[in-house]
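Asks: Take a look at the following structure, please.
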Amino acid sequence: MPKARSANAVRLEFTAGSLVHANLSGAAFTGDWLWVAGDEACGLDRLRRLDPVGQETLRFGEVQDFPLSDMLELPGTAEEEADLEGMAVADGFLWVVGSHGLKRKNAKPDRDHAENAKRLAKVTLDRNRRLLACLPIENDAKGEPCLVRQAADGRRALRLKGDAQTNQLTRALADDPHFGPYMAIPGKDNGFDIEGLAVDGRRLLLGLRGPVLRGWSALLEIEVEARGDQLRLVALDEAGTLVRKHFLQLDGLGIRDLHFSGDDLYILAGPTMVLNGEIRVFKWPAAKALLAANREPVRFEAALTESVSLPHGRGSNRAEAICDVPPQWSGGQPNWLVLYDAPGADRKDGEYTVFGDLLRHA
């Protein structure tokens with residue numbers, strides 16, 4: 001029998017062949033279905049809402065895999081991870097974004113000092129990491145939502161123009177005075193690292209885990225449109241600005257996820273480096289309207305409110321994904337689903353079942 005859980009537990013049942021289960025980094029709902037992404041895969045999983053089997057409030061299972069290679073022409077192979085870190089549903093599309101960052105090899109306890117020194121000096125870029133894409137959601141013959149390359153109404157899966165090394169976003173930032181110097185630094189070293197995505201029409205917000213500059217975290221605002229078989233950046237104003245920069249005061253934490261709830265923007269924040277530290281949710285009230293009216297290419301926002309602090313472990317239970325739960329599933333009350341990367345033993349039931357949290361909006 002499943003282990004007893006607290007009343008706010010959310011049970012996610014995966015299988016041995018699932019694309020993700022222990023490295024959850026993005027979440028979004030469509031109807032009775034939960035979509036999740038992981039940072040060590042090149043695809044997404046869809047789970048159906050099921051009846052609880054223990055004391056948990058919500059349970060999801062009957063997982064279905066959707067490899068990105070089925071929908072997109074990828075820069076790398078279908079097996080190379082995309083390091084998906086952000087997800088959002090808008091206007092019939094599931095949007096996803098990769099970290100866009102470099103990675104550094106880590107030292108290993110079974111290697112000698114000389115070999116570990118070589119490993120720690122090796123910096124690489126996986127070819128699918130610089131991915132920003134929209135994937136059409138379409139119901140199949142059974143009425144179940146699926147991700148497709150092209151929908152019957154003409155919507156198509158598209159990714160931002162680019163290749164295995166660069167795309168329009170990284171080229172736009174290459175000479176940026178704030179972020180250009182960090183493009184060559186691995187994400188976990190306070191280098192460039194996208195870990196949040198929020199969508200408002202054609203306008204996208206990208207939350208950066210790093211760099212954090214003198215305690216200021218950053219959101220990048222871009223606008224995209226479909227041209228041919230690709231997404232392209234379009235100017236945000238008459239001056240031709242392709243990227244607006246919003247610096248946020250999050251007490252030195254980097255952004256782990258973003259989510260619009262009505263007009264407000266909620267920001268999941270945690271350490272930018274590989275540290276065990278506080279993970280919090282901040283609220284930017286009326287952000288959607290403010291962003292729509294803003295014309296400044298760079299702005300600073302300190303008037304954020306701290307909503308809630310989240311539990312975390314030592315090397316485990318790192319909150320990486322947050323999204324609204326449909327209110328009919330939580331007694332009509334506004335609640336968050338929070339999912340965790342590297343779940344500890346207290347968040348697992350066997351090898352392929354993990355638990356997230358249902359948290360009340362503050």
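Chain identifiers are assigned as A, B, and so on, following the order in which chains appear in the structure tokens; residues are numbered from 1 within each chain, and ligands are numbered from 1 in order of appearance.
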List every residue of stretch 16-192 of chain A that DSSP, applied to the backbone, labels as strand (DSSP E or B), and write the result as a ChimeraX atom specification.
Replies: /A:23-30,33-38,43-50,58-67,84-90,93-98,103-104,123-124,132-139,145-147,150,156,158-160,162,167
Asks: List as a PyMOL selection string the protein and nucleic acid residues near A:Ala37, meaning an atom at most 8 Å away when only C-alpha atoms are counted, but skip any in the same chain fewer than 6 places from it.
Replies: chain A and resi 20+24-27+43-45+84-87
Asks: Selection from above, C-alpha atoms, as a PDB file, in the first residue's frame, can you write it?
Replies:
ATOM      1  CA  VAL A  20      11.003  12.523 -16.289  1.00  0.00           C
ATOM      2  CA  LEU A  24      10.956  17.932 -12.290  1.00  0.00           C
ATOM      3  CA  SER A  25      11.476  21.515 -13.407  1.00  0.00           C
ATOM      4  CA  GLY A  26       8.220  22.700 -15.004  1.00  0.00           C
ATOM      5  CA  ALA A  27       4.471  22.163 -14.617  1.00  0.00           C
ATOM      6  CA  GLY A  43      10.578  15.790 -23.888  1.00  0.00           C
ATOM      7  CA  LEU A  44       7.575  16.180 -21.636  1.00  0.00           C
ATOM      8  CA  ASP A  45       5.231  13.890 -19.754  1.00  0.00           C
ATOM      9  CA  LEU A  84      13.899  22.259 -20.007  1.00  0.00           C
ATOM     10  CA  GLU A  85      13.427  24.700 -17.152  1.00  0.00           C
ATOM     11  CA  GLY A  86      10.234  26.647 -17.877  1.00  0.00           C
ATOM     12  CA  MET A  87       6.741  25.836 -19.095  1.00  0.00           C
TER      13      MET A  87
END
Asks: I'd like to know which of A:Arg232, A:Arg149, A:Arg119, A:His100 is closest to A:Ala164, using only C-alpha atoms.
Replies: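 Smallest separation from A:Ala164 among the options: A:His100.
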Asks: Restricting the calculation to only C-alpha atoms, which member of A:Leu173, A:Val36, A:Ala141, A:Leu304 is positioned closest to A:Cys323?
Replies: A:Val36
Asks: Suppose you want the space between atom CA of A:Pro343 and atom CA of A:Arg127; what is it in Å?
Replies: 27.0 Å
Asks: So that each row is one residue of stretch 238-297 of chain A with an atom at most 6 Å from stretch 218-225 of chain A, can you give its shortest atom pair and the distance in Å to one decimal, using only C-alpha atoms, rows by chain and rising number, as CSV?
Replies:
residue,atom,partner,partner_atom,distance
A:Val243,CA,A:Ile222,CA,5.2
A:Arg244,CA,A:Glu221,CA,4.9
A:Lys245,CA,A:Leu220,CA,5.0
A:His246,CA,A:Leu219,CA,5.0
A:Phe247,CA,A:Ala218,CA,4.5
A:Leu248,CA,A:Ala218,CA,5.9
Asks: Considering only C-alpha atoms, return as number ranges by chain whatever protein or nucleic-acid residues lie within 9 Å of stretch 274-290 of chain A, sequence-local ones (same chain, fewer than 5 positions apart) excluded.
Replies: A: 188-189, 200, 250, 253, 256, 260, 262-269, 301, 303-316, 318-319
Asks: Write out as a VMD selection string each polymer residue whose atoms come within 12 Å of A:Asp65, counting only C-alpha atoms; drop sequence neighbours fewer than 2 positions from it.
Replies: chain A and resid 14 to 21 35 to 38 41 to 47 61 to 63 67 to 70 146 to 147
